[in-house]
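Okay, structure first, notes after.
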Amino acid sequence: MGKNWIRVGMSTCGIAAGAEEVYKTLLEETKKRNLSVEIKKCGCLGMCYAEPLVEVHVEGVPQVIYGKVNKDVAIKILEKHVGTKMLVNDYIFELATKK
């Protein structure tokens, strides 16, 4: 993966909770805003109760997993976490371990 990336959990529970809309929103808004971040799909992130889950890695900011992400939260993640390197605290479910 590149320097900056976002992974959307696309397991069955994630898809049922709306992960496909979140993924599409991230792709479209990243392109519109010309942001340097790679959007990827991944499998289960291990917290089905918090789906849709989005893991974000941006240089200079802690890597986190956001939960209960919808279209509006996805846009906030792009604007704040990716755009201004500020965490979206209300939706953080876990500090991620670097992979």
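Starting from 1 in every chain, residues are counted up; chains themselves are A, B, ... following the order of the structure tokens, and ligands are numbered from 1 as listed.
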
- Enumerate the residues of chain A with a DSSP assignment of alpha helix (DSSP H), computed from the backbone, and present them as a VMD selection string. chain A and resid 12 to 17 19 to 33 71 to 76

- Query: Which residue gives the smallest distance to Pro62 in chain A among A:Ala74, A:Thr30, A:Gly83, A:Ala96, with only C-alpha atoms counted?
  - Reply: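 Result for the nearest residue to Pro62 in chain A: A:Ala96.
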
- In terms of the shortest atom-to-atom distance over only C-alpha atoms, which of A:Lys85, A:Tyr66, A:Lys31, A:Ile75 is closest to Leu45 in chain A?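 When distances to Leu45 in chain A are compared using only C-alpha atoms, the smallest one comes from A:Tyr66.
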
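The coordinates place CA of Val54 in chain A at 12.9 Å from CA of Leu27 in chain A.
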
- Residue among A:Ile15, A:Ala50, A:Val61, A:Leu78 lying closest to Glu28 in chain A, counting only C-alpha atoms: A:Leu78

- Suppose you want the space between CA of Val37 in chain A and CA of Ala19 in chain A; what is it in Å?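 Pair CA of Val37 in chain A / CA of Ala19 in chain A returns 18.0 Å.
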
- Message: What parts of range 6-97 of chain A does DSSP call strand (DSSP E)? I'd like the answer as a PyMOL selection string.
- Response: chain A and resi 6-9+38-42+54-57+64-66+92-95

- Name all residues at most 12 Å from Thr84 in chain A (count only C-alpha atoms; drop same-chain ones fewer than 5 positions away) and give them as a ChimeraX atom specification. /A:35,58-61,76-79

- Could you pull the residues within 9 Å of Tyr91 in chain A, counting only C-alpha atoms, minus those fewer than 5 positions along the same chain, as a list in words?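 Answer for this query is Ile65, Tyr66, Gly67, Lys68, Val69 and Val73 of chain A.
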
- Quote the spacing between CA of Asn4 in chain A and CA of Gly46 in chain A in Å to one decimal place.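 Computing it gives 21.9 Å between the two atoms.
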